[in-house]
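Visitor: coords_20.cif is the file, holding mmCIF, C-alpha atoms and all ligand atoms:
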data_structure
loop_
_atom_site.label_atom_id
_atom_site.label_comp_id
_atom_site.auth_asym_id
_atom_site.auth_seq_id
_atom_site.Cartn_x
_atom_site.Cartn_y
_atom_site.Cartn_z
CA MET A 1 8.19 -25.49 1.99
CA SER A 2 9.53 -23.67 5.09
CA ILE A 3 7.50 -20.98 6.85
CA PRO A 4 8.58 -17.50 5.69
CA SER A 5 10.53 -15.64 8.38
CA THR A 6 10.26 -12.14 6.88
CA TRP A 7 7.56 -10.15 5.10
CA TYR A 8 9.91 -9.93 2.11
CA GLU A 9 9.82 -13.74 1.81
CA VAL A 10 6.01 -13.74 2.07
CA TRP A 11 5.70 -11.34 -0.87
CA GLN A 12 8.51 -12.74 -3.01
CA ARG A 13 7.10 -16.28 -2.67
CA LYS A 14 3.64 -15.13 -3.77
CA GLY A 15 5.16 -13.75 -6.97
CA GLU A 16 7.36 -16.84 -7.49
CA ARG A 17 4.32 -19.14 -7.22
CA PHE A 18 2.54 -17.20 -9.95
CA VAL A 19 5.64 -17.01 -12.20
CA ALA A 20 6.08 -20.80 -11.76
CA SER A 21 2.55 -21.32 -13.10
CA GLY A 22 3.98 -20.33 -16.50
CA ARG A 23 1.26 -17.77 -17.17
CA ALA A 24 2.19 -14.17 -17.98
CA VAL A 25 -0.93 -12.23 -17.00
CA PRO A 26 -3.04 -12.96 -13.90
CA SER A 27 -6.83 -12.65 -13.75
CA ARG A 28 -8.26 -9.84 -11.57
CA VAL A 29 -8.93 -12.32 -8.77
CA GLU A 30 -5.35 -13.61 -8.95
CA LEU A 31 -4.03 -10.04 -9.05
CA ALA A 32 -5.95 -9.20 -5.86
CA ALA A 33 -4.58 -12.39 -4.27
CA LEU A 34 -1.02 -11.41 -5.26
CA SER A 35 -1.66 -8.22 -3.25
CA GLY A 36 -2.67 -10.30 -0.24
CA TYR A 37 -6.39 -9.62 -0.51
CA ASP A 38 -7.22 -13.29 -0.06
CA SER A 39 -6.14 -13.85 3.56
CA ARG A 40 -8.50 -14.66 6.43
CA THR A 41 -8.38 -11.05 7.66
CA SER A 42 -8.19 -9.28 4.27
CA ALA A 43 -10.64 -11.29 2.20
CA LEU A 44 -12.17 -8.80 -0.19
CA ASP A 45 -14.58 -9.31 -2.98
CA LEU A 46 -13.66 -7.45 -6.14
CA ASP A 47 -16.42 -4.87 -5.53
CA GLU A 48 -14.70 -3.91 -2.29
CA PHE A 49 -11.36 -3.72 -4.10
CA ASP A 50 -12.98 -1.37 -6.65
CA ARG A 51 -14.43 0.70 -3.78
CA GLN A 52 -10.91 1.17 -2.41
CA ARG A 53 -9.65 2.22 -5.87
CA ASP A 54 -12.56 4.68 -6.24
CA HIS A 55 -11.87 6.09 -2.77
CA ILE A 56 -8.21 6.60 -3.73
CA VAL A 57 -9.22 8.34 -6.99
CA VAL A 58 -11.68 10.69 -5.27
CA SER A 59 -9.64 11.51 -2.17
CA LEU A 60 -6.53 12.29 -4.24
CA ALA A 61 -8.64 13.97 -6.98
CA ILE A 62 -6.86 11.88 -9.62
CA ALA A 63 -7.72 13.32 -13.04
CA ALA A 64 -7.22 12.02 -16.58
CA THR A 65 -4.22 14.36 -16.95
CA ASP A 66 -2.43 13.13 -13.79
CA THR A 67 0.49 10.72 -13.59
CA VAL A 68 0.45 8.34 -10.61
CA TYR A 69 3.36 6.49 -8.95
CA GLU A 70 2.95 3.73 -6.38
CA VAL A 71 5.51 2.81 -3.70
CA GLY A 72 5.14 -0.94 -3.00
CA CYS A 73 3.04 -1.60 -6.11
CA GLY A 74 3.46 -5.38 -5.92
CA ALA A 75 2.02 -7.16 -8.96
CA GLY A 76 0.22 -3.94 -9.91
CA ALA A 77 -3.33 -4.61 -8.67
CA LEU A 78 -4.05 -1.00 -7.70
CA LEU A 79 -2.12 0.58 -10.61
CA HIS A 80 -3.93 -1.70 -13.06
CA GLY A 81 -7.20 -0.18 -11.81
CA LEU A 82 -5.84 3.39 -11.99
CA GLU A 83 -4.14 3.13 -15.40
CA PRO A 84 -7.28 3.70 -17.53
CA LEU A 85 -8.26 6.70 -15.36
CA CYS A 86 -5.05 8.74 -15.57
CA ALA A 87 -2.27 9.85 -17.93
CA GLY A 88 0.22 7.17 -16.90
CA VAL A 89 1.50 5.11 -13.98
CA GLY A 90 4.81 3.97 -12.55
CA GLY A 91 5.77 1.97 -9.51
CA SER A 92 8.30 -0.01 -7.53
CA ASP A 93 8.37 -2.90 -5.08
CA TYR A 94 11.12 -4.78 -3.24
CA ALA A 95 9.93 -8.22 -4.44
CA PRO A 96 11.42 -8.98 -7.91
CA ALA A 97 8.92 -11.77 -8.65
CA LEU A 98 5.97 -9.40 -8.11
CA ILE A 99 7.62 -6.77 -10.31
CA ASP A 100 7.98 -9.42 -13.04
CA VAL A 101 4.19 -9.86 -12.91
CA ALA A 102 3.55 -6.08 -12.78
CA ARG A 103 5.60 -5.59 -15.96
CA GLY A 104 3.22 -7.95 -17.78
CA VAL A 105 0.14 -6.25 -16.33
CA LEU A 106 0.96 -2.54 -16.67
CA ASP A 107 1.53 -0.40 -19.73
CA SER A 108 4.49 1.47 -18.20
CA ASP A 109 8.27 1.67 -18.68
CA ASP A 110 8.77 2.84 -15.10
CA VAL A 111 8.20 -0.33 -13.06
CA GLU A 112 11.22 -1.43 -11.06
CA VAL A 113 12.57 -3.46 -8.17
CA ARG A 114 13.25 -0.94 -5.42
CA GLU A 115 12.95 -0.86 -1.66
CA ALA A 116 10.57 1.87 -0.45
CA SER A 117 13.38 3.59 1.49
CA GLY A 118 15.32 3.92 -1.80
CA VAL A 119 12.57 5.46 -3.94
CA ASN A 120 14.02 8.05 -6.30
CA PRO A 121 12.34 11.47 -6.08
CA LEU A 122 12.94 11.77 -9.85
CA PRO A 123 11.13 11.57 -12.13
CA ARG A 124 8.34 13.40 -10.34
CA TYR A 125 4.70 12.31 -10.66
CA ASP A 126 1.56 14.36 -9.97
CA VAL A 127 0.38 11.89 -7.34
CA VAL A 128 2.41 9.41 -5.27
CA VAL A 129 0.50 6.70 -3.46
CA SER A 130 1.13 3.64 -1.30
CA ASN A 131 -1.66 1.14 -0.62
CA GLY A 132 -1.32 -1.49 2.11
CA VAL A 133 2.46 -1.19 2.36
CA PHE A 134 3.35 0.85 5.48
CA ILE A 135 2.11 -2.01 7.71
CA TYR A 136 5.14 -4.06 6.57
CA PHE A 137 7.75 -1.42 7.35
CA PRO A 138 10.18 -2.19 10.19
CA ASP A 139 9.56 0.93 12.28
CA ALA A 140 8.32 4.54 12.37
CA GLU A 141 11.74 5.93 11.35
CA TYR A 142 11.58 3.93 8.12
CA ALA A 143 8.03 5.21 7.51
CA ARG A 144 9.20 8.78 8.15
CA LEU A 145 11.92 8.44 5.50
CA VAL A 146 9.50 6.96 2.94
CA VAL A 147 6.97 9.79 3.48
CA ALA A 148 9.77 12.34 2.88
CA LEU A 149 10.68 10.60 -0.41
CA MET A 150 7.02 10.44 -1.47
CA VAL A 151 6.51 14.16 -0.74
CA ALA A 152 9.66 14.99 -2.73
CA LYS A 153 8.47 12.88 -5.68
CA ALA A 154 4.90 14.25 -5.74
CA ARG A 155 4.04 17.44 -7.62
CA ARG A 156 0.59 17.66 -6.07
CA ALA A 157 -0.50 14.99 -3.57
CA VAL A 158 0.61 11.96 -1.55
CA GLY A 159 -1.68 9.16 -0.36
CA VAL A 160 -0.82 6.56 2.25
CA PHE A 161 -3.66 4.04 2.36
CA ASP A 162 -4.40 1.17 4.74
CA VAL A 163 -2.28 2.12 7.77
CA ASN A 164 -2.66 0.13 11.02
CA ASP A 165 -4.13 2.47 13.66
CA LEU A 166 -1.91 2.46 16.78
CA ALA A 167 -4.89 3.54 18.91
CA ARG A 168 -6.67 0.29 18.00
CA ARG A 169 -3.72 -2.14 18.12
CA GLU A 170 -5.07 -4.33 20.96
CA GLU A 171 -8.51 -4.71 19.33
CA HIS A 172 -6.92 -5.50 15.97
CA GLN A 173 -4.56 -8.08 17.43
CA GLU A 174 -7.46 -9.71 19.26
CA ALA A 175 -9.33 -9.94 15.94
CA ARG A 176 -6.23 -11.41 14.25
CA ARG A 177 -5.77 -13.92 17.11
CA ALA A 178 -9.37 -15.01 16.63
CA ALA A 179 -8.77 -15.49 12.89
CA TYR A 180 -5.30 -17.08 12.93
CA GLY A 181 -4.58 -18.30 16.48
CA ALA A 182 -1.96 -17.01 18.90
CA ASP A 183 0.88 -16.94 16.34
CA ALA A 184 -0.65 -13.93 14.60
CA THR A 185 0.62 -11.58 17.28
CA THR A 186 3.35 -13.50 19.12
CA GLY A 187 5.47 -15.93 17.09
CA GLY A 188 4.17 -14.65 13.76
CA LEU A 189 5.44 -11.76 11.69
CA ARG A 190 4.75 -8.38 13.23
CA GLN A 191 2.97 -5.51 11.53
CA LEU A 192 3.70 -1.84 12.14
CA TYR A 193 1.12 0.40 13.86
CA LEU A 194 1.32 4.18 13.56
CA ASP A 195 -0.40 6.96 15.42
CA ARG A 196 -2.52 9.36 13.35
CA ALA A 197 -0.56 12.22 14.92
CA PHE A 198 2.60 10.77 13.35
CA PHE A 199 1.24 11.79 9.92
CA THR A 200 -0.23 15.16 10.93
CA SER A 201 3.08 16.15 12.49
CA LEU A 202 5.07 14.91 9.45
CA ALA A 203 2.76 16.85 7.12
CA ALA A 204 3.37 20.03 9.15
CA ASP A 205 7.15 19.43 8.91
CA HIS A 206 6.84 19.16 5.11
CA GLY A 207 4.47 22.15 4.81
CA VAL A 208 1.65 20.10 3.25
CA SER A 209 -1.99 19.74 4.34
CA CYS A 210 -3.14 16.44 5.82
CA VAL A 211 -6.54 14.72 5.92
CA ILE A 212 -7.00 11.35 7.67
CA ARG A 213 -10.08 9.16 7.24
CA ASP A 214 -11.09 5.69 8.43
CA SER A 215 -10.58 2.89 5.91
CA VAL A 216 -13.46 2.25 3.51
CA MET A 217 -12.61 -1.48 3.32
CA THR A 218 -14.95 -2.36 6.16
CA GLY A 219 -15.80 -5.72 4.60
CA SER A 220 -12.40 -7.04 5.72
CA ILE A 221 -11.36 -7.54 9.36
CA ASN A 222 -8.13 -5.55 8.90
CA GLY A 223 -9.93 -2.62 7.29
CA ARG A 224 -11.86 -1.93 10.50
CA TYR A 225 -8.61 -1.04 12.29
CA ARG A 226 -6.95 0.98 9.54
CA TYR A 227 -6.97 4.53 8.21
CA ASN A 228 -5.96 6.48 5.10
CA VAL A 229 -3.83 9.62 4.85
CA VAL A 230 -3.92 12.25 2.09
CA MET A 231 -1.30 15.00 2.03
CA SER A 232 -1.55 17.83 -0.50
CA ARG A 233 0.69 20.71 -1.46
CA ARG A 234 -1.07 23.87 -0.35
CA ASP A 235 -0.81 25.32 -3.86
CA GLY A 236 -2.18 22.02 -5.31
CA SER A 237 -5.74 21.23 -6.28
CA SER A 238 -6.47 18.03 -4.36
CA ARG A 239 -10.15 17.78 -3.41
CA THR A 240 -9.54 16.85 0.23
C1 LIG A 301 -0.67 -5.68 0.51
S1 LIG A 301 0.48 -5.67 -0.84
C2 LIG A 301 -0.14 -4.25 -1.73
C3 LIG A 301 0.29 -4.21 -3.17
C4 LIG A 301 -0.19 -2.96 -3.92
N1 LIG A 301 0.17 -1.78 -3.19
C5 LIG A 301 -1.68 -2.98 -4.18
O1 LIG A 301 -2.43 -2.28 -3.48
O2 LIG A 301 -2.10 -3.68 -5.09
C6 LIG A 301 1.96 -5.02 -0.03
C7 LIG A 301 3.14 -4.80 -0.96
O3 LIG A 301 4.14 -4.05 -0.27
C8 LIG A 301 5.41 -4.48 -0.70
N2 LIG A 301 6.39 -4.03 0.32
C9 LIG A 301 6.36 -4.27 1.65
N3 LIG A 301 7.41 -3.67 2.25
C10 LIG A 301 8.11 -3.03 1.28
C11 LIG A 301 9.30 -2.23 1.29
N4 LIG A 301 9.97 -1.97 2.42
N5 LIG A 301 9.74 -1.72 0.12
C12 LIG A 301 9.06 -1.97 -1.05
N6 LIG A 301 7.94 -2.75 -1.12
C13 LIG A 301 7.46 -3.26 0.04
C14 LIG A 301 5.24 -5.99 -0.82
O4 LIG A 301 6.22 -6.61 -1.61
C15 LIG A 301 3.83 -6.09 -1.43
O5 LIG A 301 3.88 -6.09 -2.83
#
How does this structure look as structure tokens?
Ligand SMILES: C[S@@+](CC[C@H](N)C(=O)[O-])C[C@H]1O[C@@H](n2cnc3c(N)ncnc32)[C@H](O)[C@@H]1O
Guide:
Amino acid sequence: MSIPSTWYEVWQRKGERFVASGRAVPSRVELAALSGYDSRTSALDLDEFDRQRDHIVVSLAIAATDTVYEVGCGAGALLHGLEPLCAGVGGSDYAPALIDVARGVLDSDDVEVREASGVNPLPRYDVVVSNGVFIYFPDAEYARLVVALMVAKARRAVGVFDVNDLARREEHQEARRAAYGADATTGGLRQLYLDRAFFTSLAADHGVSCVIRDSVMTGSINGRYRYNVVMSRRDGSSRT
């Protein structure tokens, strides 16, 4: 099989491989792998994956009465972990094969193929989240548009988790070179890096509060160079 030339191909092929296996519902390990948490720089054990879910729940103060929507939900690994803890989930992803898997995994009617830049602000959800997705966006303008759509869709809070820290790009790329060889940063597919100030300034533009913390996924190489953003409406009740 040819080497994928876009991130879209990487994600779509992951889903196609699972669909071709003929099984409808993946195990938890397979679900984490469908979200990319099996690579040399993202290898996570399931405890670490649960730690990330718990961090998302606490930092966004997700309660049993909240509805949660994810932009770039993939096969539904994160939403599957959130579903028992909240009032309902929905999500979208640009890879149809991953959405096919997510529909088998999640108990939701609102799971659809949709590019992040085309997310519909309606219906609104209490919390709108994106985990490990902004790193695949083409540029900061695209990220700016997606944040605006997420803020419009959220009644209470927005979470952008696992963002590549621009201030640590060289160190991260060195770590990726060590893991994958030179192609990781030259001939390979590029990832997006964003400055923390990009989010604080966007939050000010939207009139929401903003808290940024280092990633809690320190067991993976990537996690050491990433951060998480929580934006809350000032009249909301997020515990941030
Ligand atoms: C690392 S996986 C994370 C999946 C999921 N958020 C989770 O935590 O389980 C990244 C996901 O982002 C999706 N993605 C990347 N760029 C996207 C875009 N521009 N629009 C929609 N989905 C996108 C990929 O298809 C993939 O499912």
Visitor: Quick one: residues within 12 Å of A:His206, only C-alpha atoms, excluding same-chain residues fewer than 5 positions away - as a list in words?
Guide: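 Within the cut-off, the hits are Arg144, Leu145, Val147, Ala148, Leu149, Met150, Val151, Ala152, Val158, Phe199, Thr200, Ser201, Met231, Ser232, Arg233 and Arg234 of chain A.
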Visitor: Write the residues of the preceding selection, restricted to C-alpha atoms, as an mmCIF file, in the coordinates of the input.
Guide:
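Printed below is again.cif as written:
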data_model
loop_
_atom_site.group_PDB
_atom_site.id
_atom_site.type_symbol
_atom_site.label_atom_id
_atom_site.label_comp_id
_atom_site.auth_asym_id
_atom_site.auth_seq_id
_atom_site.Cartn_x
_atom_site.Cartn_y
_atom_site.Cartn_z
ATOM 1 C CA ARG A 144 9.200 8.780 8.150
ATOM 2 C CA LEU A 145 11.920 8.440 5.500
ATOM 3 C CA VAL A 147 6.970 9.790 3.480
ATOM 4 C CA ALA A 148 9.770 12.340 2.880
ATOM 5 C CA LEU A 149 10.680 10.600 -0.410
ATOM 6 C CA MET A 150 7.020 10.440 -1.470
ATOM 7 C CA VAL A 151 6.510 14.160 -0.740
ATOM 8 C CA ALA A 152 9.660 14.990 -2.730
ATOM 9 C CA VAL A 158 0.610 11.960 -1.550
ATOM 10 C CA PHE A 199 1.240 11.790 9.920
ATOM 11 C CA THR A 200 -0.230 15.160 10.930
ATOM 12 C CA SER A 201 3.080 16.150 12.490
ATOM 13 C CA MET A 231 -1.300 15.000 2.030
ATOM 14 C CA SER A 232 -1.550 17.830 -0.500
ATOM 15 C CA ARG A 233 0.690 20.710 -1.460
ATOM 16 C CA ARG A 234 -1.070 23.870 -0.350
#
Visitor: Pick out the closest residue to ligand LIG 301 (chain A) from this set: A:Asp100, A:Asp139, A:Glu9, A:Asp93. Count all atoms listed in the file.
Guide: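 Closest to ligand LIG 301 (chain A) of all the choices is A:Asp93.
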Visitor: Please identify the residues whose atoms come within 6 Å of ligand LIG 301 (chain A), using only C-alpha atoms and all ligand atoms, and report them as a list in words.
Guide: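 Those within range of ligand LIG 301 (chain A) are Trp11, Ser35, Gly36, Gly72, Cys73, Gly74, Gly76, Ala77, Leu78, Asp93, Tyr94, Ala95, Glu115, Ala116, Ser130, Asn131, Gly132, Val133, Tyr136 and Phe137 of chain A.
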Visitor: Determine the nearest neighbour of A:Leu46 from the options A:Ala63, A:Met217, A:Val230, A:Val71, counting all atoms listed in the file.
Guide: A:Met217
Visitor: Calculate how many Å separate atom CA of A:Ala75 from atom CA of A:Val101, rounding to one decimal.
Guide: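 Distance between the two atoms: 5.3 Å.
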Visitor: Identify which of the residues A:Ala97, A:Ala157, A:Asp126, A:Arg51 lies closest to A:Gly15, counting only C-alpha atoms when measuring atom-to-atom distances.
Guide: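 With only C-alpha atoms as the atom set, the closest residue is A:Ala97.
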Visitor: If we count all atoms listed in the file and set the cut-off at 9 Å, which residues sit around A:Arg226, ignoring sequence neighbours fewer than 5 positions away in its own chain? Please answer as an NGL selection string.
Guide: :A and (161-166 or 168 or 214-217)
Visitor: Which residue is closest to A:Leu60? Choose from A:Leu189, A:Val105, A:Cys86, A:Ala143 and count only C-alpha atoms.
Guide: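 Nearest to A:Leu60: A:Cys86.
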Visitor: Let me make sure I understand: among A:Ile221, A:Ala20, A:Ala203, A:Leu194, which one has the smallest atom-to-atom distance to A:Ala179 if we use all atoms listed in the file?
Guide: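 Counting all atoms listed in the file, the residue closest to A:Ala179 is A:Ile221.
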Visitor: For atom CA of A:Val208 and atom CA of A:Arg114, determine how far apart the two atoms are, in Å to one decimal place.
Guide: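 A separation of 25.5 Å between them.
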Visitor: With all atoms listed in the file as the basis for distance, which of A:Arg28, A:Arg169, A:Arg156, A:Arg176 is at the shortest distance from A:Gly188?
Guide: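 Nearest candidate to A:Gly188 out of A:Arg28, A:Arg169, A:Arg156, A:Arg176: A:Arg176.
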Visitor: Suppose you want the space between atom CA of A:Val89 and atom CA of A:Ala154; what is it in Å?
Guide: 12.8 Å
Visitor: Can you pull out every residue within 10 Å of A:Glu48, counting all atoms listed in the file, but drop anything in the same chain fewer than 3 positions away, and send it as a short mmCIF file (atom, residue, chain, number, x, y, z; two decimals) with C-alpha atoms, keeping the file's coordinate frame?
Guide:
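Generated file (part-v3.cif):
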data_model
loop_
_atom_site.label_atom_id
_atom_site.label_comp_id
_atom_site.auth_asym_id
_atom_site.auth_seq_id
_atom_site.Cartn_x
_atom_site.Cartn_y
_atom_site.Cartn_z
CA ALA A 43 -10.64 -11.29 2.20
CA LEU A 44 -12.17 -8.80 -0.19
CA ASP A 45 -14.58 -9.31 -2.98
CA ARG A 51 -14.43 0.70 -3.78
CA GLN A 52 -10.91 1.17 -2.41
CA ARG A 53 -9.65 2.22 -5.87
CA ASP A 54 -12.56 4.68 -6.24
CA VAL A 216 -13.46 2.25 3.51
CA MET A 217 -12.61 -1.48 3.32
CA THR A 218 -14.95 -2.36 6.16
CA GLY A 219 -15.80 -5.72 4.60
CA SER A 220 -12.40 -7.04 5.72
#
Visitor: Place a sphere of radius 7 Å on (-6.7, 9.3, 4.3) in the file coordinates and name every protein, DNA or RNA residue with an atom inside or on its surface, counting all atoms listed in the file; give the answer as a VMD selection string.
Guide: chain A and resid 159 to 161 211 to 213 227 to 230
